[in-house]
Amino acid sequence: MVYGEFIQQTSVHLCKLLTAQLSGQQNWSVYLTNSGTEATEGALKLAKRFTNRHEIIAAKNAYHGNTQGAMSVCGNENQNRAFRPLIPGVKFITFNNEADLQKITTNTAAVILETIQGGAGFIEPKNNYLLKVKKRCKTVGALLILDEIQSGIGRTGQFFGFENYNLTPDIIVSGKGLGGGMPIGAFISPLHIMNSLKENPKLGHITTFGGHPVIAASALATIKEITSSNLMAEALEKEQLFRKLLQHKAIKEIRGKGLMLAILFKTPEIASQIILKSLEKGLLLFWLLFEGKAVRITPPLTISKDEIQKGCKLLLEVIKEVTR
């Protein structure tokens, strides 16, 4: 069964459990997709359709996916130039720069931001930045889309990362951890916004395998485990353990929140050597897309404190070896 001609119970249960994580009086609606980048595409179309505007504001050095629409709101020209022309009407602002908020106008359909900028270096919003963006959007009639593909599903100690910053966006984009290892994405909005995809034209957004019951079952089990256990609270405890253990003069900064952490070193060369030498010793780390000096630490939420201690000990040994 494809295209969702018939409602299937597992998908419905997943959507109900997802919307149950959202506070407030809104009647939330979920559109399930195959991936996070497809969810980004759907969110952008929804914002344009609902507002009848075409301008999108995104952040420099953002990452929202790799299809053409999603790439169009990724503000890194090194990635984008080989594929231009991309979709028109996209303008860029600098994350955490409040002066740039004046670029959001009555021409703007939506502002799309990562709750915590991932590829740019795990940069958190400062000084109520996201609240100020939401206020500006409301003033001019634009929608705020928050990309929770990396920061969502318990990784920052809350189910959605934006809960740490005291706001709720108009459209939420989810993926990655939502499926517990299986391929899934979703965009979520109040029903009165989502309904704008139903008419003019009909089937304004469709998906073949979005909401597939086997994939939905994996996501449903994942959310049940995360919300019924102590994993979210433990993510913050584990963050503090990482910060306590990872002490070395070569570490310039540790950015991020919960189990979404990035260690900053002096040069990209040092960071890359550390990642590769750690791999040789059986420790999995990774790079960030646009911040070469960073080493990414995003373990499974189920990582134990013993595993963190062993991993940090090994990592410190590698740092000493690389920087001595």
# chains A, B, ... in the order shown; residues from 1 in each chain; ligands from 1

call {"tool": "residues_around", "arguments": {"residues": "Ala59 of chain A", "least_positions_apart": "3", "cutoff": "9 Å", "atoms": "only C-alpha atoms", "output": "ChimeraX atom specification"}}
result
/A:62-63,73-75,91-95,111-114,117

call {"tool": "residues_around", "arguments": {"residues": "Phe286 of chain A", "least_positions_apart": "4", "cutoff": "7 Å", "atoms": "only C-alpha atoms", "output": "list in words"}}
result
Ile275, Val295 and Arg296 of chain A

call {"tool": "closest_atom_pairs", "arguments": {"of": "segment 72-181 of chain A", "to": "segment 241-255 of chain A", "cutoff": "10 Å", "atoms": "only C-alpha atoms", "output": "CSV"}}
result
residue,atom,partner,partner_atom,distance
A:Gly121,CA,A:Arg255,CA,7.5
A:Phe122,CA,A:Arg255,CA,5.9
A:Ile123,CA,A:Arg255,CA,6.7
A:Glu124,CA,A:Arg255,CA,7.9

call {"tool": "residues_around", "arguments": {"residues": "segment 228-239 of chain A", "least_positions_apart": "4", "cutoff": "12 Å", "atoms": "only C-alpha atoms", "output": "PyMOL selection string"}}
result
chain A and resi 17+151-161+164+221-224+243-246+254-262+297-309+312

call {"tool": "write_last_selection", "arguments": {"atoms": "N, CA and C atoms", "output": "short mmCIF file (atom, residue, chain, number, x, y, z; two decimals), in the first residue's frame"}}
result
data_model
loop_
_atom_site.label_atom_id
_atom_site.label_comp_id
_atom_site.auth_asym_id
_atom_site.auth_seq_id
_atom_site.Cartn_x
_atom_site.Cartn_y
_atom_site.Cartn_z
N LEU A 17 1.45 10.33 19.10
CA LEU A 17 2.49 10.41 20.12
C LEU A 17 3.42 11.59 19.87
N SER A 151 18.82 18.27 16.44
CA SER A 151 18.67 18.64 17.86
C SER A 151 17.44 18.02 18.52
N GLY A 152 16.59 17.35 17.74
CA GLY A 152 15.35 16.82 18.30
C GLY A 152 15.45 15.41 18.83
N ILE A 153 14.33 14.89 19.27
CA ILE A 153 14.15 13.51 19.74
C ILE A 153 15.08 13.22 20.92
N GLY A 154 15.11 14.16 21.88
CA GLY A 154 15.76 13.93 23.16
C GLY A 154 17.22 14.26 23.25
N ARG A 155 17.85 14.63 22.13
CA ARG A 155 19.31 14.76 22.12
C ARG A 155 19.81 15.89 23.02
N THR A 156 19.03 16.93 23.20
CA THR A 156 19.50 18.08 24.00
C THR A 156 18.88 18.10 25.40
N GLY A 157 18.29 16.99 25.81
CA GLY A 157 17.69 16.94 27.15
C GLY A 157 16.22 17.25 27.16
N GLN A 158 15.69 17.75 26.06
CA GLN A 158 14.25 17.95 25.85
C GLN A 158 13.86 17.17 24.61
N PHE A 159 12.56 16.85 24.46
CA PHE A 159 12.18 16.08 23.28
C PHE A 159 12.52 16.85 22.01
N PHE A 160 12.13 18.13 21.96
CA PHE A 160 12.55 19.01 20.87
C PHE A 160 13.53 20.03 21.42
N GLY A 161 14.56 20.32 20.65
CA GLY A 161 15.58 21.24 21.11
C GLY A 161 15.05 22.62 21.44
N ASN A 164 14.28 24.13 24.97
CA ASN A 164 15.31 24.74 25.81
C ASN A 164 15.29 26.26 25.73
N ALA A 221 8.26 3.01 18.46
CA ALA A 221 9.00 2.35 19.54
C ALA A 221 10.10 3.26 20.08
N THR A 222 10.74 4.00 19.18
CA THR A 222 11.80 4.93 19.59
C THR A 222 11.26 6.00 20.52
N ILE A 223 10.16 6.64 20.12
CA ILE A 223 9.60 7.72 20.94
C ILE A 223 9.11 7.19 22.29
N LYS A 224 8.48 6.01 22.27
CA LYS A 224 8.02 5.43 23.54
C LYS A 224 9.18 5.20 24.49
N ARG A 243 32.12 17.12 29.54
CA ARG A 243 32.80 18.40 29.80
C ARG A 243 33.81 18.27 30.94
N LYS A 244 33.48 17.46 31.93
CA LYS A 244 34.38 17.26 33.06
C LYS A 244 35.63 16.48 32.65
N LEU A 245 35.44 15.44 31.84
CA LEU A 245 36.55 14.56 31.49
C LEU A 245 37.44 15.12 30.39
N LEU A 246 36.86 15.87 29.46
CA LEU A 246 37.64 16.35 28.31
C LEU A 246 38.32 17.67 28.64
N ILE A 254 34.22 23.62 24.03
CA ILE A 254 33.26 22.55 23.76
C ILE A 254 31.89 23.20 23.57
N ARG A 255 31.33 23.06 22.39
CA ARG A 255 30.05 23.68 22.07
C ARG A 255 28.94 22.65 22.08
N GLY A 256 27.71 23.16 22.17
CA GLY A 256 26.55 22.30 22.03
C GLY A 256 25.83 22.07 23.34
N LYS A 257 24.86 21.16 23.28
CA LYS A 257 24.00 20.89 24.43
C LYS A 257 23.63 19.42 24.45
N GLY A 258 23.57 18.83 25.64
CA GLY A 258 23.20 17.42 25.76
C GLY A 258 24.22 16.55 25.07
N LEU A 259 23.74 15.64 24.23
CA LEU A 259 24.64 14.75 23.49
C LEU A 259 24.80 15.21 22.04
N MET A 260 24.80 16.52 21.87
CA MET A 260 25.10 17.17 20.59
C MET A 260 26.26 18.12 20.86
N LEU A 261 27.49 17.57 20.84
CA LEU A 261 28.66 18.31 21.29
C LEU A 261 29.72 18.37 20.19
N ALA A 262 30.48 19.46 20.18
CA ALA A 262 31.60 19.62 19.25
C ALA A 262 32.79 20.19 20.02
N ILE A 297 30.92 15.01 18.54
CA ILE A 297 30.58 13.92 19.46
C ILE A 297 29.06 13.86 19.56
N THR A 298 28.46 12.89 18.88
CA THR A 298 27.00 12.71 18.93
C THR A 298 26.70 11.22 19.09
N PRO A 299 26.97 10.67 20.27
CA PRO A 299 26.76 9.23 20.47
C PRO A 299 25.28 8.89 20.60
N PRO A 300 24.94 7.61 20.55
CA PRO A 300 23.57 7.21 20.85
C PRO A 300 23.17 7.70 22.24
N LEU A 301 21.89 8.03 22.41
CA LEU A 301 21.42 8.47 23.73
C LEU A 301 21.62 7.39 24.79
N THR A 302 21.73 6.15 24.36
CA THR A 302 21.86 5.03 25.28
C THR A 302 23.30 4.78 25.73
N ILE A 303 24.25 5.60 25.28
CA ILE A 303 25.63 5.42 25.71
C ILE A 303 25.71 5.44 27.24
N SER A 304 26.49 4.53 27.81
CA SER A 304 26.60 4.46 29.26
C SER A 304 27.70 5.39 29.76
N LYS A 305 27.66 5.69 31.04
CA LYS A 305 28.70 6.56 31.62
C LYS A 305 30.06 5.86 31.60
N ASP A 306 30.07 4.53 31.75
CA ASP A 306 31.32 3.78 31.63
C ASP A 306 31.90 3.92 30.22
N GLU A 307 31.04 3.85 29.22
CA GLU A 307 31.49 4.00 27.84
C GLU A 307 32.03 5.41 27.59
N ILE A 308 31.38 6.41 28.18
CA ILE A 308 31.86 7.79 28.05
C ILE A 308 33.25 7.92 28.67
N GLN A 309 33.44 7.34 29.83
CA GLN A 309 34.75 7.42 30.49
C GLN A 309 35.83 6.74 29.66
N CYS A 312 36.44 8.91 26.48
CA CYS A 312 37.16 10.15 26.77
C CYS A 312 38.63 9.87 27.08
#

call {"tool": "residues_around", "arguments": {"residues": "Gly24 of chain A", "least_positions_apart": "4", "cutoff": "12 Å", "atoms": "only C-alpha atoms", "output": "list of chain:residue names"}}
result
A:Thr19, A:Ala20, A:Trp28, A:Leu167, A:Thr168, A:Pro169, A:Pro190

call {"tool": "write_last_selection", "arguments": {"atoms": "C-alpha atoms", "output": "short mmCIF file (atom, residue, chain, number, x, y, z; two decimals), in the first residue's frame"}}
result
data_model
loop_
_atom_site.label_atom_id
_atom_site.label_comp_id
_atom_site.auth_asym_id
_atom_site.auth_seq_id
_atom_site.Cartn_x
_atom_site.Cartn_y
_atom_site.Cartn_z
CA THR A 19 1.91 15.73 18.69
CA ALA A 20 1.51 14.77 22.36
CA TRP A 28 -1.09 19.85 15.58
CA LEU A 167 9.31 29.05 22.18
CA THR A 168 7.39 26.93 19.69
CA PRO A 169 7.83 27.42 15.93
CA PRO A 190 -0.95 23.41 13.38
#

call {"tool": "atom_distance", "arguments": {"atom1": "atom CA of Phe290 of chain A", "atom2": "atom CA of Cys137 of chain A"}}
result
27.2 Å

call {"tool": "select_by_dssp", "arguments": {"residues": "segment 61-124 of chain A", "states": "strand (DSSP E)", "output": "ChimeraX atom specification"}}
result
/A:90-93,108-114

call {"tool": "residues_around", "arguments": {"residues": "Thr105 of chain A", "least_positions_apart": "5", "cutoff": "9 Å", "atoms": "only C-alpha atoms", "output": "VMD selection string"}}
result
chain A and resid 136 to 137 139 to 142

call {"tool": "closest_residue", "arguments": {"among": "A:Thr323, A:Thr208, A:Asn27, A:Asn166", "to": "Gln273 of chain A", "atoms": "only C-alpha atoms"}}
result
A:Thr323

call {"tool": "closest_residue", "arguments": {"among": "A:Gly177, A:Pro85, A:Pro183, A:Gly65", "to": "Glu38 of chain A", "atoms": "only C-alpha atoms"}}
result
A:Gly65

call {"tool": "residues_around", "arguments": {"residues": "Thr267 of chain A", "least_positions_apart": "3", "cutoff": "7 Å", "atoms": "only C-alpha atoms", "output": "list in words"}}
result
Ile270, Ala271 and Lys293 of chain A

call {"tool": "select_by_dssp", "arguments": {"residues": "segment 99-250 of chain A", "states": "alpha helix (DSSP H)", "output": "CSV table (one decimal) with N, CA and C atoms, in the first residue's frame"}}
result
chain,number,residue,atom,x,y,z
A,129,TYR,N,17.6,34.7,21.1
A,129,TYR,CA,17.6,35.0,19.7
A,129,TYR,C,16.4,34.4,19.0
A,130,LEU,N,16.1,33.1,19.3
A,130,LEU,CA,14.9,32.5,18.6
A,130,LEU,C,13.6,33.1,18.9
A,131,LEU,N,13.5,33.5,20.2
A,131,LEU,CA,12.2,34.3,20.6
A,131,LEU,C,12.1,35.6,19.8
A,132,LYS,N,13.2,36.2,19.6
A,132,LYS,CA,13.2,37.5,18.8
A,132,LYS,C,12.9,37.3,17.3
A,133,VAL,N,13.4,36.2,16.8
A,133,VAL,CA,13.0,35.8,15.4
A,133,VAL,C,11.5,35.5,15.3
A,134,LYS,N,11.0,34.8,16.3
A,134,LYS,CA,9.6,34.4,16.3
A,134,LYS,C,8.7,35.7,16.4
A,135,LYS,N,9.1,36.6,17.2
A,135,LYS,CA,8.4,37.9,17.4
A,135,LYS,C,8.4,38.7,16.1
A,136,ARG,N,9.6,38.7,15.4
A,136,ARG,CA,9.6,39.5,14.1
A,136,ARG,C,8.8,38.8,13.1
A,137,CYS,N,8.8,37.5,13.0
A,137,CYS,CA,8.0,36.7,12.1
A,137,CYS,C,6.5,37.1,12.3
A,138,LYS,N,6.1,37.0,13.5
A,138,LYS,CA,4.7,37.3,13.9
A,138,LYS,C,4.3,38.7,13.4
A,139,THR,N,5.2,39.7,13.6
A,139,THR,CA,4.9,41.1,13.3
A,139,THR,C,4.7,41.3,11.8
A,140,VAL,N,5.4,40.5,11.0
A,140,VAL,CA,5.3,40.7,9.5
A,140,VAL,C,4.5,39.6,8.8
A,191,LEU,N,-2.9,22.4,12.4
A,191,LEU,CA,-3.8,21.9,11.4
A,191,LEU,C,-4.2,22.9,10.4
A,192,HIS,N,-4.5,24.1,10.9
A,192,HIS,CA,-5.0,25.2,10.0
A,192,HIS,C,-4.0,25.6,9.0
A,193,ILE,N,-2.7,25.4,9.3
A,193,ILE,CA,-1.6,25.7,8.4
A,193,ILE,C,-1.5,24.5,7.4
A,194,MET,N,-1.4,23.3,8.0
A,194,MET,CA,-1.2,22.1,7.2
A,194,MET,C,-2.4,21.9,6.2
A,213,PRO,N,4.1,1.7,7.4
A,213,PRO,CA,3.8,1.2,8.7
A,213,PRO,C,5.0,0.5,9.4
A,214,VAL,N,5.9,-0.1,8.6
A,214,VAL,CA,7.1,-0.7,9.3
A,214,VAL,C,8.0,0.4,9.8
A,215,ILE,N,8.2,1.4,9.0
A,215,ILE,CA,9.1,2.5,9.5
A,215,ILE,C,8.4,3.2,10.7
A,216,ALA,N,7.1,3.5,10.5
A,216,ALA,CA,6.4,4.1,11.6
A,216,ALA,C,6.5,3.3,12.9
A,217,ALA,N,6.5,2.0,12.8
A,217,ALA,CA,6.6,1.2,14.0
A,217,ALA,C,7.9,1.4,14.7
A,218,SER,N,9.0,1.5,13.9
A,218,SER,CA,10.3,1.8,14.5
A,218,SER,C,10.3,3.2,15.2
A,219,ALA,N,9.7,4.2,14.6
A,219,ALA,CA,9.7,5.5,15.2
A,219,ALA,C,8.8,5.5,16.4
A,220,LEU,N,7.7,4.8,16.4
A,220,LEU,CA,6.8,4.7,17.5
A,220,LEU,C,7.5,4.1,18.7
A,221,ALA,N,8.3,3.0,18.5
A,221,ALA,CA,9.0,2.4,19.5
A,221,ALA,C,10.1,3.3,20.1
A,222,THR,N,10.7,4.0,19.2
A,222,THR,CA,11.8,4.9,19.6
A,222,THR,C,11.3,6.0,20.5
A,223,ILE,N,10.2,6.6,20.1
A,223,ILE,CA,9.6,7.7,20.9
A,223,ILE,C,9.1,7.2,22.3
A,224,LYS,N,8.5,6.0,22.3
A,224,LYS,CA,8.0,5.4,23.5
A,224,LYS,C,9.2,5.2,24.5
A,225,GLU,N,10.3,4.7,24.0
A,225,GLU,CA,11.5,4.4,24.8
A,225,GLU,C,12.0,5.7,25.4
A,226,ILE,N,12.2,6.7,24.5
A,226,ILE,CA,12.8,8.0,25.0
A,226,ILE,C,11.9,8.7,26.0
A,227,THR,N,10.6,8.7,25.8
A,227,THR,CA,9.7,9.4,26.6
A,227,THR,C,9.3,8.7,27.9
A,228,SER,N,9.5,7.4,27.9
A,228,SER,CA,9.2,6.6,29.1
A,228,SER,C,10.4,6.3,30.0
A,231,LEU,N,16.3,8.8,29.5
A,231,LEU,CA,17.3,9.1,28.6
A,231,LEU,C,17.5,10.6,28.3
A,232,MET,N,16.4,11.4,28.4
A,232,MET,CA,16.5,12.8,28.1
A,232,MET,C,17.2,13.5,29.3
A,233,ALA,N,16.8,13.2,30.5
A,233,ALA,CA,17.5,13.8,31.6
A,233,ALA,C,19.0,13.4,31.7
A,234,GLU,N,19.2,12.1,31.3
A,234,GLU,CA,20.6,11.6,31.4
A,234,GLU,C,21.4,12.2,30.3
A,235,ALA,N,20.8,12.7,29.2
A,235,ALA,CA,21.6,13.4,28.2
A,235,ALA,C,22.3,14.6,28.7
A,236,LEU,N,21.7,15.3,29.6
A,236,LEU,CA,22.3,16.5,30.2
A,236,LEU,C,23.4,16.1,31.3
A,237,GLU,N,23.1,15.0,32.0
A,237,GLU,CA,24.1,14.5,32.9
A,237,GLU,C,25.4,14.0,32.2
A,238,LYS,N,25.1,13.3,31.0
A,238,LYS,CA,26.3,12.8,30.2
A,238,LYS,C,27.0,14.0,29.6
A,239,GLU,N,26.3,15.0,29.2
A,239,GLU,CA,27.0,16.2,28.7
A,239,GLU,C,28.0,16.7,29.7
A,240,GLN,N,27.6,16.8,31.0
A,240,GLN,CA,28.5,17.3,32.0
A,240,GLN,C,29.6,16.4,32.3
A,241,LEU,N,29.4,15.1,32.1
A,241,LEU,CA,30.5,14.2,32.3
A,241,LEU,C,31.5,14.4,31.2
A,242,PHE,N,31.1,14.5,29.9
A,242,PHE,CA,32.0,14.8,28.8
A,242,PHE,C,32.8,16.1,29.1
A,243,ARG,N,32.1,17.1,29.5
A,243,ARG,CA,32.8,18.4,29.8
A,243,ARG,C,33.8,18.3,30.9
A,244,LYS,N,33.5,17.5,31.9
A,244,LYS,CA,34.4,17.3,33.1
A,244,LYS,C,35.6,16.5,32.6
A,245,LEU,N,35.4,15.4,31.8
A,245,LEU,CA,36.5,14.6,31.5
A,245,LEU,C,37.4,15.1,30.4

call {"tool": "atom_distance", "arguments": {"atom1": "atom CA of Ile263 of chain A", "atom2": "atom CA of Ile172 of chain A"}}
result
27.5 Å

call {"tool": "closest_residue", "arguments": {"among": "A:Ser72, A:Thr67, A:Ser23, A:Leu86", "to": "Phe162 of chain A", "atoms": "only C-alpha atoms"}}
result
A:Ser23

call {"tool": "atom_distance", "arguments": {"atom1": "atom CA of Glu291 of chain A", "atom2": "atom CA of Lys310 of chain A"}}
result
26.2 Å

call {"tool": "closest_residue", "arguments": {"among": "A:Asn76, A:Ser189, A:Asn97, A:Ser29", "to": "Leu44 of chain A", "atoms": "only C-alpha atoms"}}
result
A:Ser189

call {"tool": "closest_residue", "arguments": {"among": "A:Ile57, A:Met182, A:Ile116, A:Ile274", "to": "Leu314 of chain A", "atoms": "only C-alpha atoms"}}
result
A:Ile274

call {"tool": "decode", "arguments": {"residues": "segment 120-132 of chain A", "atoms": "N, CA and C atoms", "output": "tab-separated table (two decimals), in the first residue's frame"}}
result
chain	number	residue	atom	x	y	z
A	120	ALA	N	27.61	24.33	11.03
A	120	ALA	CA	28.39	25.56	11.29
A	120	ALA	C	29.23	25.46	12.55
A	121	GLY	N	29.01	24.42	13.36
A	121	GLY	CA	29.84	24.28	14.57
A	121	GLY	C	29.08	24.10	15.86
A	122	PHE	N	27.85	23.58	15.79
A	122	PHE	CA	27.01	23.36	16.98
A	122	PHE	C	26.86	24.67	17.76
A	123	ILE	N	26.36	25.68	17.07
A	123	ILE	CA	26.22	27.02	17.64
A	123	ILE	C	24.82	27.16	18.24
A	124	GLU	N	24.75	27.45	19.53
A	124	GLU	CA	23.47	27.64	20.21
A	124	GLU	C	22.96	29.07	20.01
A	125	PRO	N	21.64	29.25	20.02
A	125	PRO	CA	21.09	30.61	20.00
A	125	PRO	C	21.39	31.33	21.32
A	126	LYS	N	21.72	32.63	21.23
A	126	LYS	CA	22.09	33.42	22.40
A	126	LYS	C	21.11	34.57	22.60
A	127	ASN	N	20.98	35.02	23.85
A	127	ASN	CA	20.20	36.22	24.19
A	127	ASN	C	18.77	36.17	23.64
A	128	ASN	N	18.12	35.01	23.82
A	128	ASN	CA	16.72	34.85	23.38
A	128	ASN	C	16.56	35.09	21.87
A	129	TYR	N	17.59	34.72	21.11
A	129	TYR	CA	17.58	34.99	19.67
A	129	TYR	C	16.37	34.38	18.98
A	130	LEU	N	16.06	33.12	19.27
A	130	LEU	CA	14.94	32.47	18.58
A	130	LEU	C	13.61	33.12	18.94
A	131	LEU	N	13.46	33.54	20.17
A	131	LEU	CA	12.24	34.27	20.58
A	131	LEU	C	12.10	35.57	19.78
A	132	LYS	N	13.22	36.25	19.57
A	132	LYS	CA	13.20	37.50	18.82
A	132	LYS	C	12.87	37.26	17.35
